[in-house]
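Undergrad: mmCIF, C-alpha atoms, pLDDT in the B column; chains and numbers go by the auth columns, saved as input_28.cif, coming up:
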data_my_file
#
loop_
_atom_site.group_PDB
_atom_site.id
_atom_site.type_symbol
_atom_site.label_atom_id
_atom_site.label_comp_id
_atom_site.label_asym_id
_atom_site.label_seq_id
_atom_site.Cartn_x
_atom_site.Cartn_y
_atom_site.Cartn_z
_atom_site.B_iso_or_equiv
_atom_site.auth_seq_id
_atom_site.auth_asym_id
ATOM 1 C CA MET A 1 206.085 51.117 69.205 86.00 24 G
ATOM 2 C CA ILE A 2 206.122 52.124 65.555 94.00 25 G
ATOM 3 C CA GLU A 3 207.698 49.593 63.218 96.00 26 G
ATOM 4 C CA LEU A 4 208.182 49.728 59.452 96.00 27 G
ATOM 5 C CA LYS A 5 209.026 46.498 57.659 96.00 28 G
ATOM 6 C CA ASP A 6 210.304 46.750 54.079 96.00 29 G
ATOM 7 C CA VAL A 7 207.981 49.690 53.402 95.00 30 G
ATOM 8 C CA SER A 8 207.618 51.474 50.069 95.00 31 G
ATOM 9 C CA LEU A 9 205.566 54.685 49.800 93.00 32 G
ATOM 10 C CA GLY A 10 204.922 57.341 47.180 89.00 33 G
ATOM 11 C CA TYR A 11 202.455 59.255 45.058 89.00 34 G
ATOM 12 C CA ASN A 12 200.549 58.429 41.861 85.00 35 G
ATOM 13 C CA CYS A 13 202.268 55.050 41.479 81.00 36 G
ATOM 14 C CA ARG A 14 205.720 56.680 41.836 86.00 37 G
ATOM 15 C CA ALA A 15 207.721 55.397 44.795 87.00 38 G
ATOM 16 C CA VAL A 16 209.472 58.043 46.921 90.00 39 G
ATOM 17 C CA LEU A 17 210.623 55.680 49.674 94.00 40 G
ATOM 18 C CA GLU A 18 211.638 52.092 48.991 93.00 41 G
ATOM 19 C CA HIS A 19 212.347 49.147 51.296 94.00 42 G
ATOM 20 C CA ILE A 20 212.376 51.161 54.532 95.00 43 G
ATOM 21 C CA SER A 21 212.688 49.237 57.789 96.00 44 G
ATOM 22 C CA LEU A 22 212.967 50.991 61.164 95.00 45 G
ATOM 23 C CA LYS A 23 211.585 51.070 64.697 95.00 46 G
ATOM 24 C CA ALA A 24 210.726 53.834 67.162 96.00 47 G
ATOM 25 C CA ALA A 25 210.049 52.989 70.806 95.00 48 G
ATOM 26 C CA PRO A 26 208.111 54.660 73.639 96.00 49 G
ATOM 27 C CA GLY A 27 210.113 57.324 75.465 96.00 50 G
ATOM 28 C CA GLU A 28 212.330 57.819 72.420 96.00 51 G
ATOM 29 C CA ILE A 29 212.716 60.629 69.899 97.00 52 G
ATOM 30 C CA LEU A 30 213.642 59.309 66.455 98.00 53 G
ATOM 31 C CA GLY A 31 214.893 62.018 64.109 97.00 54 G
ATOM 32 C CA LEU A 32 214.532 61.922 60.326 97.00 55 G
ATOM 33 C CA ILE A 33 217.131 63.964 58.464 97.00 56 G
ATOM 34 C CA GLY A 34 218.172 64.221 54.846 95.00 57 G
ATOM 35 C CA PRO A 35 218.060 66.592 51.878 93.00 58 G
ATOM 36 C CA ASN A 36 214.874 68.067 50.455 90.00 59 G
ATOM 37 C CA GLY A 37 212.953 65.395 48.601 87.00 60 G
ATOM 38 C CA SER A 38 214.587 62.525 50.461 91.00 61 G
ATOM 39 C CA GLY A 39 211.242 61.285 51.803 90.00 62 G
ATOM 40 C CA LYS A 40 210.997 62.597 55.385 93.00 63 G
ATOM 41 C CA SER A 41 207.488 64.018 55.021 92.00 64 G
ATOM 42 C CA THR A 42 206.425 61.062 52.880 93.00 65 G
ATOM 43 C CA LEU A 43 207.314 58.672 55.689 95.00 66 G
ATOM 44 C CA ILE A 44 205.208 60.654 58.173 94.00 67 G
ATOM 45 C CA ARG A 45 202.279 60.760 55.747 92.00 68 G
ATOM 46 C CA GLY A 46 202.540 57.024 55.295 94.00 69 G
ATOM 47 C CA ILE A 47 202.287 56.346 59.027 94.00 70 G
ATOM 48 C CA THR A 48 199.155 58.513 59.222 91.00 71 G
ATOM 49 C CA ARG A 49 197.661 56.909 56.079 89.00 72 G
ATOM 50 C CA VAL A 50 197.479 60.204 54.235 90.00 73 G
ATOM 51 C CA ILE A 51 199.096 58.285 51.385 89.00 74 G
ATOM 52 C CA ASP A 52 198.727 54.606 50.565 84.00 75 G
ATOM 53 C CA LEU A 53 201.273 51.924 51.302 90.00 76 G
ATOM 54 C CA PHE A 54 202.777 50.463 48.121 92.00 77 G
ATOM 55 C CA SER A 55 204.291 47.442 49.834 93.00 78 G
ATOM 56 C CA GLY A 56 205.578 46.210 53.194 94.00 79 G
ATOM 57 C CA HIS A 57 204.026 46.580 56.630 95.00 80 G
ATOM 58 C CA ILE A 58 203.609 49.442 59.114 95.00 81 G
ATOM 59 C CA LEU A 59 202.842 48.350 62.670 95.00 82 G
ATOM 60 C CA VAL A 60 201.500 50.593 65.429 94.00 83 G
ATOM 61 C CA GLY A 61 201.659 48.924 68.822 90.00 84 G
ATOM 62 C CA GLY A 62 202.081 45.589 67.084 91.00 85 G
ATOM 63 C CA ARG A 63 198.947 46.048 64.944 92.00 86 G
ATOM 64 C CA SER A 64 199.105 46.358 61.176 93.00 87 G
ATOM 65 C CA LEU A 65 198.179 49.862 60.031 91.00 88 G
ATOM 66 C CA LYS A 66 195.778 48.526 57.422 89.00 89 G
ATOM 67 C CA ASP A 67 193.802 46.722 60.149 92.00 90 G
ATOM 68 C CA ILE A 68 193.322 49.876 62.260 92.00 91 G
ATOM 69 C CA ARG A 69 190.238 51.971 61.582 90.00 92 G
ATOM 70 C CA ARG A 70 190.970 55.619 60.808 88.00 93 G
ATOM 71 C CA GLU A 71 189.125 56.843 63.899 87.00 94 G
ATOM 72 C CA ASP A 72 191.139 54.437 66.058 91.00 95 G
ATOM 73 C CA LEU A 73 194.369 55.525 64.387 92.00 96 G
ATOM 74 C CA ALA A 74 193.522 59.150 65.254 90.00 97 G
ATOM 75 C CA ARG A 75 193.402 58.133 68.917 91.00 98 G
ATOM 76 C CA LEU A 76 196.816 56.465 68.681 94.00 99 G
ATOM 77 C CA VAL A 77 198.780 58.857 66.467 95.00 100 G
ATOM 78 C CA ALA A 78 198.827 62.676 66.487 95.00 101 G
ATOM 79 C CA THR A 79 200.586 64.857 63.932 93.00 102 G
ATOM 80 C CA VAL A 80 202.178 68.280 64.257 92.00 103 G
ATOM 81 C CA PRO A 81 202.551 69.620 60.694 86.00 104 G
ATOM 82 C CA GLN A 82 205.198 72.016 59.427 79.00 105 G
ATOM 83 C CA SER A 83 202.772 74.908 59.198 73.00 106 G
ATOM 84 C CA ALA A 84 199.320 74.201 60.585 73.00 107 G
ATOM 85 C CA ALA A 85 196.378 76.122 59.117 79.00 108 G
ATOM 86 C CA LEU A 86 194.541 77.400 62.183 83.00 109 G
ATOM 87 C CA PRO A 87 191.248 79.341 62.279 83.00 110 G
ATOM 88 C CA GLY A 88 192.392 82.818 63.285 83.00 111 G
ATOM 89 C CA ALA A 89 189.086 83.776 64.929 88.00 112 G
ATOM 90 C CA PHE A 90 189.102 80.780 67.286 92.00 113 G
ATOM 91 C CA THR A 91 190.603 81.013 70.749 96.00 114 G
ATOM 92 C CA ALA A 92 193.650 78.950 71.617 95.00 115 G
ATOM 93 C CA PHE A 93 191.561 76.793 73.953 96.00 116 G
ATOM 94 C CA GLU A 94 189.027 76.084 71.199 95.00 117 G
ATOM 95 C CA VAL A 95 191.843 74.929 68.917 95.00 118 G
ATOM 96 C CA VAL A 96 193.301 72.646 71.597 95.00 119 G
ATOM 97 C CA LEU A 97 189.832 71.228 72.252 95.00 120 G
ATOM 98 C CA MET A 98 189.706 70.132 68.604 93.00 121 G
ATOM 99 C CA GLY A 99 192.169 67.443 69.613 93.00 122 G
ATOM 100 C CA ARG A 100 189.307 65.645 71.364 93.00 123 G
ATOM 101 C CA THR A 101 187.424 65.101 68.081 90.00 124 G
ATOM 102 C CA PRO A 102 188.637 61.481 67.570 89.00 125 G
ATOM 103 C CA HIS A 103 187.172 60.589 70.966 89.00 126 G
ATOM 104 C CA LEU A 104 183.697 62.013 70.285 84.00 127 G
ATOM 105 C CA GLY A 105 180.846 59.913 68.952 69.00 128 G
ATOM 106 C CA PHE A 106 178.590 60.960 66.090 64.00 129 G
ATOM 107 C CA LEU A 107 176.940 64.316 66.858 60.00 130 G
ATOM 108 C CA ARG A 108 178.394 64.267 70.351 71.00 131 G
ATOM 109 C CA TYR A 109 179.647 67.460 71.967 77.00 132 G
ATOM 110 C CA GLU A 110 182.646 67.834 74.245 82.00 133 G
ATOM 111 C CA GLY A 111 181.869 67.045 77.857 88.00 134 G
ATOM 112 C CA ARG A 112 183.484 67.964 81.142 90.00 135 G
ATOM 113 C CA LYS A 113 186.123 65.253 80.711 94.00 136 G
ATOM 114 C CA ASP A 114 187.122 66.589 77.271 93.00 137 G
ATOM 115 C CA LEU A 115 187.382 70.141 78.604 95.00 138 G
ATOM 116 C CA SER A 116 189.572 68.898 81.456 96.00 139 G
ATOM 117 C CA ILE A 117 191.879 66.945 79.124 96.00 140 G
ATOM 118 C CA ALA A 118 192.252 69.956 76.808 96.00 141 G
ATOM 119 C CA TRP A 119 193.147 72.153 79.773 96.00 142 G
ATOM 120 C CA GLN A 120 195.690 69.575 80.989 95.00 143 G
ATOM 121 C CA ALA A 121 197.270 69.646 77.518 95.00 144 G
ATOM 122 C CA MET A 122 197.609 73.419 77.794 94.00 145 G
ATOM 123 C CA GLU A 123 199.153 73.050 81.242 94.00 146 G
ATOM 124 C CA ALA A 124 201.640 70.504 79.870 91.00 147 G
ATOM 125 C CA THR A 125 202.664 72.956 77.141 92.00 148 G
ATOM 126 C CA GLN A 126 202.520 75.981 79.464 91.00 149 G
ATOM 127 C CA THR A 127 199.989 77.716 77.240 94.00 150 G
ATOM 128 C CA GLU A 128 197.192 78.298 79.783 95.00 151 G
ATOM 129 C CA TYR A 129 197.776 82.050 79.618 95.00 152 G
ATOM 130 C CA LEU A 130 196.874 81.931 75.910 95.00 153 G
ATOM 131 C CA ALA A 131 193.543 80.171 76.431 94.00 154 G
ATOM 132 C CA GLU A 132 191.312 83.159 75.650 94.00 155 G
ATOM 133 C CA ARG A 133 193.562 84.720 73.010 95.00 156 G
ATOM 134 C CA ARG A 134 192.528 84.559 69.363 94.00 157 G
ATOM 135 C CA VAL A 135 194.834 82.337 67.333 92.00 158 G
ATOM 136 C CA GLY A 136 195.317 85.102 64.770 91.00 159 G
ATOM 137 C CA GLU A 137 196.951 87.230 67.483 92.00 160 G
ATOM 138 C CA LEU A 138 199.590 84.649 68.448 91.00 161 G
ATOM 139 C CA SER A 139 203.264 84.562 67.488 89.00 162 G
ATOM 140 C CA GLY A 140 204.750 81.679 65.519 86.00 163 G
ATOM 141 C CA GLY A 141 206.181 80.081 68.645 88.00 164 G
ATOM 142 C CA GLU A 142 202.899 80.391 70.525 91.00 165 G
ATOM 143 C CA ARG A 143 200.951 78.891 67.627 90.00 166 G
ATOM 144 C CA GLN A 144 203.340 75.943 67.472 90.00 167 G
ATOM 145 C CA ARG A 145 202.901 75.219 71.174 91.00 168 G
ATOM 146 C CA ILE A 146 199.118 75.374 70.712 94.00 169 G
ATOM 147 C CA VAL A 147 199.359 72.832 67.888 93.00 170 G
ATOM 148 C CA ILE A 148 201.417 70.552 70.141 93.00 171 G
ATOM 149 C CA ALA A 149 198.819 71.016 72.903 94.00 172 G
ATOM 150 C CA ARG A 150 196.096 70.029 70.418 95.00 173 G
ATOM 151 C CA ALA A 151 198.068 66.887 69.596 94.00 174 G
ATOM 152 C CA LEU A 152 198.401 66.067 73.312 94.00 175 G
ATOM 153 C CA ALA A 153 194.646 66.508 73.776 94.00 176 G
ATOM 154 C CA GLN A 154 194.194 63.517 71.481 94.00 177 G
ATOM 155 C CA GLN A 155 195.923 61.462 74.203 94.00 178 G
ATOM 156 C CA PRO A 156 197.999 59.649 71.586 94.00 179 G
ATOM 157 C CA LYS A 157 200.687 57.038 72.038 94.00 180 G
ATOM 158 C CA VAL A 158 202.677 58.446 69.095 95.00 181 G
ATOM 159 C CA ILE A 159 203.407 62.023 67.991 96.00 182 G
ATOM 160 C CA LEU A 160 204.772 62.744 64.518 97.00 183 G
ATOM 161 C CA LEU A 161 206.301 66.165 63.872 96.00 184 G
ATOM 162 C CA ASP A 162 207.072 67.346 60.351 94.00 185 G
ATOM 163 C CA GLU A 163 209.680 70.135 60.389 92.00 186 G
ATOM 164 C CA PRO A 164 208.181 71.735 63.538 90.00 187 G
ATOM 165 C CA THR A 165 210.885 74.432 63.818 88.00 188 G
ATOM 166 C CA THR A 166 211.013 75.591 60.190 84.00 189 G
ATOM 167 C CA TYR A 167 209.550 79.094 60.616 82.00 190 G
ATOM 168 C CA LEU A 168 210.739 79.749 64.169 86.00 191 G
ATOM 169 C CA ASP A 169 213.658 81.799 65.454 89.00 192 G
ATOM 170 C CA ILE A 170 216.355 80.035 67.477 92.00 193 G
ATOM 171 C CA ASN A 171 214.709 80.797 70.828 91.00 194 G
ATOM 172 C CA HIS A 172 211.394 79.286 69.765 89.00 195 G
ATOM 173 C CA GLN A 173 213.137 76.355 68.073 92.00 196 G
ATOM 174 C CA VAL A 174 214.798 75.432 71.363 93.00 197 G
ATOM 175 C CA GLU A 175 211.601 76.106 73.309 91.00 198 G
ATOM 176 C CA THR A 176 209.599 73.831 70.991 91.00 199 G
ATOM 177 C CA LEU A 177 212.050 70.935 71.077 94.00 200 G
ATOM 178 C CA ASP A 178 212.559 71.253 74.842 94.00 201 G
ATOM 179 C CA LEU A 179 208.801 70.844 75.138 92.00 202 G
ATOM 180 C CA VAL A 180 208.759 67.839 72.790 94.00 203 G
ATOM 181 C CA ARG A 181 211.485 66.088 74.791 95.00 204 G
ATOM 182 C CA LYS A 182 209.734 66.863 78.091 94.00 205 G
ATOM 183 C CA ILE A 183 206.384 65.386 77.065 93.00 206 G
ATOM 184 C CA CYS A 184 208.076 62.425 75.357 95.00 207 G
ATOM 185 C CA LEU A 185 209.744 61.428 78.622 95.00 208 G
ATOM 186 C CA GLU A 186 206.928 62.347 81.012 93.00 209 G
ATOM 187 C CA GLN A 187 204.201 60.610 79.005 93.00 210 G
ATOM 188 C CA ASN A 188 206.372 57.826 77.563 95.00 211 G
ATOM 189 C CA LEU A 189 205.363 58.729 74.015 96.00 212 G
ATOM 190 C CA THR A 190 206.919 57.505 70.813 96.00 213 G
ATOM 191 C CA VAL A 191 208.078 60.598 68.892 97.00 214 G
ATOM 192 C CA ILE A 192 209.240 60.774 65.281 97.00 215 G
ATOM 193 C CA VAL A 193 210.398 64.183 64.082 97.00 216 G
ATOM 194 C CA ALA A 194 211.619 65.328 60.679 96.00 217 G
ATOM 195 C CA LEU A 195 214.251 68.065 60.951 96.00 218 G
ATOM 196 C CA HIS A 196 216.436 70.078 58.598 93.00 219 G
ATOM 197 C CA ASP A 197 218.809 71.473 61.204 95.00 220 G
ATOM 198 C CA LEU A 198 221.509 68.870 61.886 96.00 221 G
ATOM 199 C CA ASN A 199 222.548 70.464 65.173 96.00 222 G
ATOM 200 C CA LEU A 200 219.013 70.471 66.564 96.00 223 G
ATOM 201 C CA ALA A 201 218.635 66.853 65.438 97.00 224 G
ATOM 202 C CA SER A 202 221.867 65.925 67.205 97.00 225 G
ATOM 203 C CA GLN A 203 220.903 67.650 70.453 97.00 226 G
ATOM 204 C CA TYR A 204 217.320 66.439 70.779 97.00 227 G
ATOM 205 C CA CYS A 205 217.041 63.043 69.084 97.00 228 G
ATOM 206 C CA ASP A 206 217.978 59.753 70.721 97.00 229 G
ATOM 207 C CA ARG A 207 218.517 58.149 67.318 97.00 230 G
ATOM 208 C CA LEU A 208 218.789 59.512 63.795 98.00 231 G
ATOM 209 C CA VAL A 209 217.895 58.132 60.386 97.00 232 G
ATOM 210 C CA ILE A 210 219.429 59.745 57.304 97.00 233 G
ATOM 211 C CA LEU A 211 217.198 59.365 54.259 96.00 234 G
ATOM 212 C CA ASP A 212 218.742 59.806 50.839 94.00 235 G
ATOM 213 C CA GLU A 213 217.157 59.168 47.454 91.00 236 G
ATOM 214 C CA GLY A 214 214.311 57.243 49.020 91.00 237 G
ATOM 215 C CA LYS A 215 216.414 54.863 51.083 94.00 238 G
ATOM 216 C CA ILE A 216 217.967 54.719 54.540 96.00 239 G
ATOM 217 C CA PHE A 217 221.573 55.836 54.196 97.00 240 G
ATOM 218 C CA ALA A 218 222.527 55.582 57.883 96.00 241 G
ATOM 219 C CA GLU A 219 220.832 54.902 61.209 97.00 242 G
ATOM 220 C CA GLY A 220 221.995 55.046 64.827 97.00 243 G
ATOM 221 C CA ILE A 221 222.810 57.394 67.675 97.00 244 G
ATOM 222 C CA PRO A 222 223.875 60.930 66.655 97.00 245 G
ATOM 223 C CA MET A 223 227.594 60.222 67.156 96.00 246 G
ATOM 224 C CA GLU A 224 227.392 57.304 64.718 96.00 247 G
ATOM 225 C CA VAL A 225 225.271 59.022 62.082 96.00 248 G
ATOM 226 C CA LEU A 226 226.458 62.646 62.030 96.00 249 G
ATOM 227 C CA THR A 227 229.909 62.340 60.525 95.00 250 G
ATOM 228 C CA SER A 228 231.570 64.637 58.013 94.00 251 G
ATOM 229 C CA GLY A 229 231.751 61.699 55.591 95.00 252 G
ATOM 230 C CA ASN A 230 228.034 60.974 55.792 96.00 253 G
ATOM 231 C CA VAL A 231 227.106 64.641 55.401 95.00 254 G
ATOM 232 C CA LYS A 232 229.426 64.991 52.409 94.00 255 G
ATOM 233 C CA GLU A 233 227.991 61.877 50.776 95.00 256 G
ATOM 234 C CA VAL A 234 224.331 62.749 51.315 95.00 257 G
ATOM 235 C CA TYR A 235 224.237 66.553 51.213 93.00 258 G
ATOM 236 C CA GLY A 236 227.313 67.200 49.075 91.00 259 G
ATOM 237 C CA ALA A 237 228.506 69.713 51.659 87.00 260 G
ATOM 238 C CA GLU A 238 231.987 70.037 53.152 88.00 261 G
ATOM 239 C CA ILE A 239 231.479 70.607 56.864 91.00 262 G
ATOM 240 C CA SER A 240 233.382 69.905 60.045 93.00 263 G
ATOM 241 C CA ILE A 241 231.903 67.743 62.783 94.00 264 G
ATOM 242 C CA LEU A 242 233.139 68.520 66.294 95.00 265 G
ATOM 243 C CA SER A 243 232.078 67.403 69.765 94.00 266 G
ATOM 244 C CA HIS A 244 229.884 69.773 71.744 95.00 267 G
ATOM 245 C CA PRO A 245 231.979 71.187 74.624 93.00 268 G
ATOM 246 C CA ILE A 246 229.265 70.444 77.200 95.00 269 G
ATOM 247 C CA ASN A 247 227.593 67.166 76.235 94.00 270 G
ATOM 248 C CA GLY A 248 229.941 65.698 73.633 93.00 271 G
ATOM 249 C CA LEU A 249 227.240 65.349 70.967 96.00 272 G
ATOM 250 C CA PRO A 250 228.247 66.076 67.363 96.00 273 G
ATOM 251 C CA VAL A 251 228.065 69.668 66.144 95.00 274 G
ATOM 252 C CA ALA A 252 228.127 70.592 62.453 94.00 275 G
ATOM 253 C CA LEU A 253 230.240 73.622 61.562 93.00 276 G
ATOM 254 C CA VAL A 254 230.023 75.361 58.212 88.00 277 G
ATOM 255 C CA THR A 255 232.969 77.295 56.817 81.00 278 G
ATOM 256 C CA ALA A 256 232.120 79.905 54.173 79.00 279 G
ATOM 257 C CA SER A 257 234.100 79.857 50.960 72.00 280 G
ATOM 258 C CA ARG A 258 236.316 82.959 50.630 70.00 281 G
ATOM 259 C CA GLY A 259 237.243 82.255 47.061 63.00 282 G
#
Could the structure of this file be written out as C-alpha cells, please?
TA:
Amino acid sequence: MIELKDVSLGYNCRAVLEHISLKAAPGEILGLIGPNGSGKSTLIRGITRVIDLFSGHILVGGRSLKDIRREDLARLVATVPQSAALPGAFTAFEVVLMGRTPHLGFLRYEGRKDLSIAWQAMEATQTEYLAERRVGELSGGERQRIVIARALAQQPKVILLDEPTTYLDINHQVETLDLVRKICLEQNLTVIVALHDLNLASQYCDRLVILDEGKIFAEGIPMEVLTSGNVKEVYGAEISILSHPINGLPVALVTASRG
C-alpha cells in the first residue's frame, strides 16, 4: 500500500503539489492524469525521494518514507521513467540484471539467484529473445519492455511509471500497458502510472486522480472522473465523453474546429 497524507512537494522551496492525500493498493493500477505542469511527475519523484517532502507523510507498506533507508526503499519501489537512458553497448540481459543492484552487498557480484531472477523478469515481459541483443539496436517498444523487466528484477512491491507510453506508437502503447496490467494482477503489485492519454488511462487504470494546479481536482473510478465537465474545467478543452461500445468505459472524442 502507498498512502499520502496531506503531502506537499516541490523544488527549491517552491511547492508544486499541496495537501495531497491518496491511497494505492496492491493489485490496483492508479492513474495520474492532468495538464502539463500539474504535478504528476513531481508526485512520483516524491515517492522515490528524488525530491524532499515539504510537509505531510508518505507511507509505504505502513512505514513512513523518511524512516526507510534508501537501499531498502529501492527493494520496495521500482520506477519506469518516461525515457530511460540505457547504455547502448550493453545487452538487454545485462540491463535487466542491473535491477538486482539494490539486493547486492558492498562489492558483491550477482550470483546464480540474481541471474535466475533477471531471467524470470525477462520471461514475465516476454523479452527472452532480446537477451543477447545490444540495447542500442532495440526499438522503442522493446526498450520499454526491457526497462519494465529491469524494474521487475528488483522484486518490488510497488512500480511507478512516469509517462511510459509517450514515445511509442499505438501498438506499443497497448502492448506496454497490457504488460503492466498483467504483472500488476499476477504479482499483486501496487502500480501508479502517470499518463497523458485520457483513453489509455480510462482503459487500463482501476482508479484515476486528476491533478490540476498542484491539487487533486477529482478522484475515483474512470466513469466518475472522466466527464466532459471535468475535462473542460481542467484542460480547457471541449470534448465529448461516450461509453466504449465493448466495455462501457468512458472514451474521449475530440472534434476539430472547422471555423
Undergrad: Which residues, named as in the file, does the PyMOL selection byres ((chain G and resi 110-123) around 10) pick out? Answer as a CSV table (one decimal) with C-alpha atoms, in the frame of the given file.
TA:
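Written out: expr_2.csv:
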chain,number,residue,atom,x,y,z
G,97,ALA,CA,193.5,59.2,65.3
G,98,ARG,CA,193.4,58.1,68.9
G,101,ALA,CA,198.8,62.7,66.5
G,107,ALA,CA,199.3,74.2,60.6
G,108,ALA,CA,196.4,76.1,59.1
G,109,LEU,CA,194.5,77.4,62.2
G,124,THR,CA,187.4,65.1,68.1
G,125,PRO,CA,188.6,61.5,67.6
G,126,HIS,CA,187.2,60.6,71.0
G,127,LEU,CA,183.7,62.0,70.3
G,132,TYR,CA,179.6,67.5,72.0
G,133,GLU,CA,182.6,67.8,74.2
G,134,GLY,CA,181.9,67.0,77.9
G,136,LYS,CA,186.1,65.3,80.7
G,137,ASP,CA,187.1,66.6,77.3
G,138,LEU,CA,187.4,70.1,78.6
G,139,SER,CA,189.6,68.9,81.5
G,140,ILE,CA,191.9,66.9,79.1
G,141,ALA,CA,192.3,70.0,76.8
G,142,TRP,CA,193.1,72.2,79.8
G,144,ALA,CA,197.3,69.6,77.5
G,145,MET,CA,197.6,73.4,77.8
G,150,THR,CA,200.0,77.7,77.2
G,151,GLU,CA,197.2,78.3,79.8
G,152,TYR,CA,197.8,82.0,79.6
G,153,LEU,CA,196.9,81.9,75.9
G,154,ALA,CA,193.5,80.2,76.4
G,155,GLU,CA,191.3,83.2,75.6
G,156,ARG,CA,193.6,84.7,73.0
G,157,ARG,CA,192.5,84.6,69.4
G,158,VAL,CA,194.8,82.3,67.3
G,159,GLY,CA,195.3,85.1,64.8
G,160,GLU,CA,197.0,87.2,67.5
G,161,LEU,CA,199.6,84.6,68.4
G,165,GLU,CA,202.9,80.4,70.5
G,166,ARG,CA,201.0,78.9,67.6
G,168,ARG,CA,202.9,75.2,71.2
G,169,ILE,CA,199.1,75.4,70.7
G,170,VAL,CA,199.4,72.8,67.9
G,171,ILE,CA,201.4,70.6,70.1
G,172,ALA,CA,198.8,71.0,72.9
G,173,ARG,CA,196.1,70.0,70.4
G,174,ALA,CA,198.1,66.9,69.6
G,175,LEU,CA,198.4,66.1,73.3
G,176,ALA,CA,194.6,66.5,73.8
G,177,GLN,CA,194.2,63.5,71.5
G,178,GLN,CA,195.9,61.5,74.2
G,179,PRO,CA,198.0,59.6,71.6
Undergrad: Using only C-alpha atoms, which residue out of G:Ser162, G:Ser44, G:Thr250, G:Ser225 lies closest to Gly271 of chain G?
TA: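 Nearest candidate to Gly271 of chain G out of G:Ser162, G:Ser44, G:Thr250, G:Ser225: G:Ser225.
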Undergrad: Residues at most 6 Å from Ser263 of chain G, counting only C-alpha atoms, excluding those fewer than 6 positions away in the same chain, as JSON, numbers by chain?
TA: {"G": [251, 275, 276]}
Undergrad: Under the PyMOL selection byres ((chain G and resi 26) around 7), which residues of this model are included? Write them out as a PyMOL selection string.
TA: chain G and resi 24-25+27-28+45-47+81-83
Undergrad: Evaluate the PyMOL selection byres ((chain G and resi 42) around 9) here and jot the selected residues down as a ChimeraX atom specification.
TA: /G:28-32,40-41,43-44,78-79,237-239
Undergrad: Suppose you want the space between atom CA of Leu183 of chain G and atom CA of Leu249 of chain G; what is it in Å?
TA: 21.8 Å
Undergrad: Would you pick out the contacts of segment 255-260 of chain G at 12 Å or less, using only C-alpha atoms, so that residues sharing its chain but fewer than 4 positions from it are not included, and give the list as a list in words?
TA: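 In the requested form, the answer reads Ile56, Gly57, Pro58, Asn59, Gly60, Ser61, His219, Leu221, Ile233, Leu234, Asp235, Glu236, Gly237, Lys238, Ile239, Phe240, Ala241, Val248, Leu249, Thr250, Ser251, Ile264, Ala275, Leu276, Val277, Thr278, Ala279 and Ser280 of chain G.
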Undergrad: Residues near Ile91 of chain G, anyone? I mean within 12 Å using all atoms listed in the file, not counting same-chain ones fewer than 3 positions away, as a list in words.
TA: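 That gives Ile70, Thr71, Arg72, Ile81, Leu82, Val83, Gly84, Gly85, Arg86, Ser87, Leu88, Glu94, Asp95, Leu96, Ala97, Arg98, Leu99 and Val100 of chain G.
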Undergrad: At a cut-off of 10 Å, using all atoms listed in the file, what residues contact Gln210 of chain G? Leave out same-chain residues fewer than 3 positions from it and give the result as a VMD selection string.
TA: chain G and resid 49 to 50 175 178 to 180 205 to 207 213
Undergrad: Which is closest to Arg230 of chain G among G:Leu53, G:Ile74, G:Ile269, G:Val181, if we use all atoms listed in the file?
TA: G:Leu53
Undergrad: How many Å lie between atom CA of Gln105 of chain G and atom CA of Arg68 of chain G, rounded to one decimal?
TA: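 It comes out at 12.2 Å.
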Undergrad: For segment 234-245 of chain G, supply N, CA and C atoms and report the output as a short mmCIF file (atom, residue, chain, number, x, y, z; two decimals), in the frame of the given file.
TA:
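Writing the result to selection.cif gives the following:
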data_model
loop_
_atom_site.label_atom_id
_atom_site.label_comp_id
_atom_site.auth_asym_id
_atom_site.auth_seq_id
_atom_site.Cartn_x
_atom_site.Cartn_y
_atom_site.Cartn_z
N LEU G 234 217.83 59.83 55.48
CA LEU G 234 217.20 59.36 54.26
C LEU G 234 217.87 60.03 53.07
N ASP G 235 218.11 59.26 52.05
CA ASP G 235 218.74 59.81 50.84
C ASP G 235 218.24 59.03 49.63
N GLU G 236 217.67 59.76 48.69
CA GLU G 236 217.16 59.17 47.45
C GLU G 236 216.21 58.01 47.73
N GLY G 237 215.35 58.21 48.74
CA GLY G 237 214.31 57.24 49.02
C GLY G 237 214.72 56.02 49.80
N LYS G 238 215.94 56.02 50.32
CA LYS G 238 216.41 54.86 51.08
C LYS G 238 217.08 55.33 52.38
N ILE G 239 217.24 54.41 53.32
CA ILE G 239 217.97 54.72 54.54
C ILE G 239 219.45 54.65 54.26
N PHE G 240 220.14 55.78 54.44
CA PHE G 240 221.57 55.84 54.20
C PHE G 240 222.35 55.44 55.45
N ALA G 241 221.86 55.90 56.62
CA ALA G 241 222.53 55.58 57.88
C ALA G 241 221.50 55.67 59.00
N GLU G 242 221.73 54.91 60.06
CA GLU G 242 220.83 54.90 61.21
C GLU G 242 221.63 54.60 62.47
N GLY G 243 221.31 55.30 63.56
CA GLY G 243 222.00 55.05 64.83
C GLY G 243 221.94 56.26 65.74
N ILE G 244 222.74 56.25 66.78
CA ILE G 244 222.81 57.39 67.68
C ILE G 244 223.51 58.54 66.94
N PRO G 245 223.30 59.79 67.38
CA PRO G 245 223.88 60.93 66.66
C PRO G 245 225.37 60.81 66.38
#
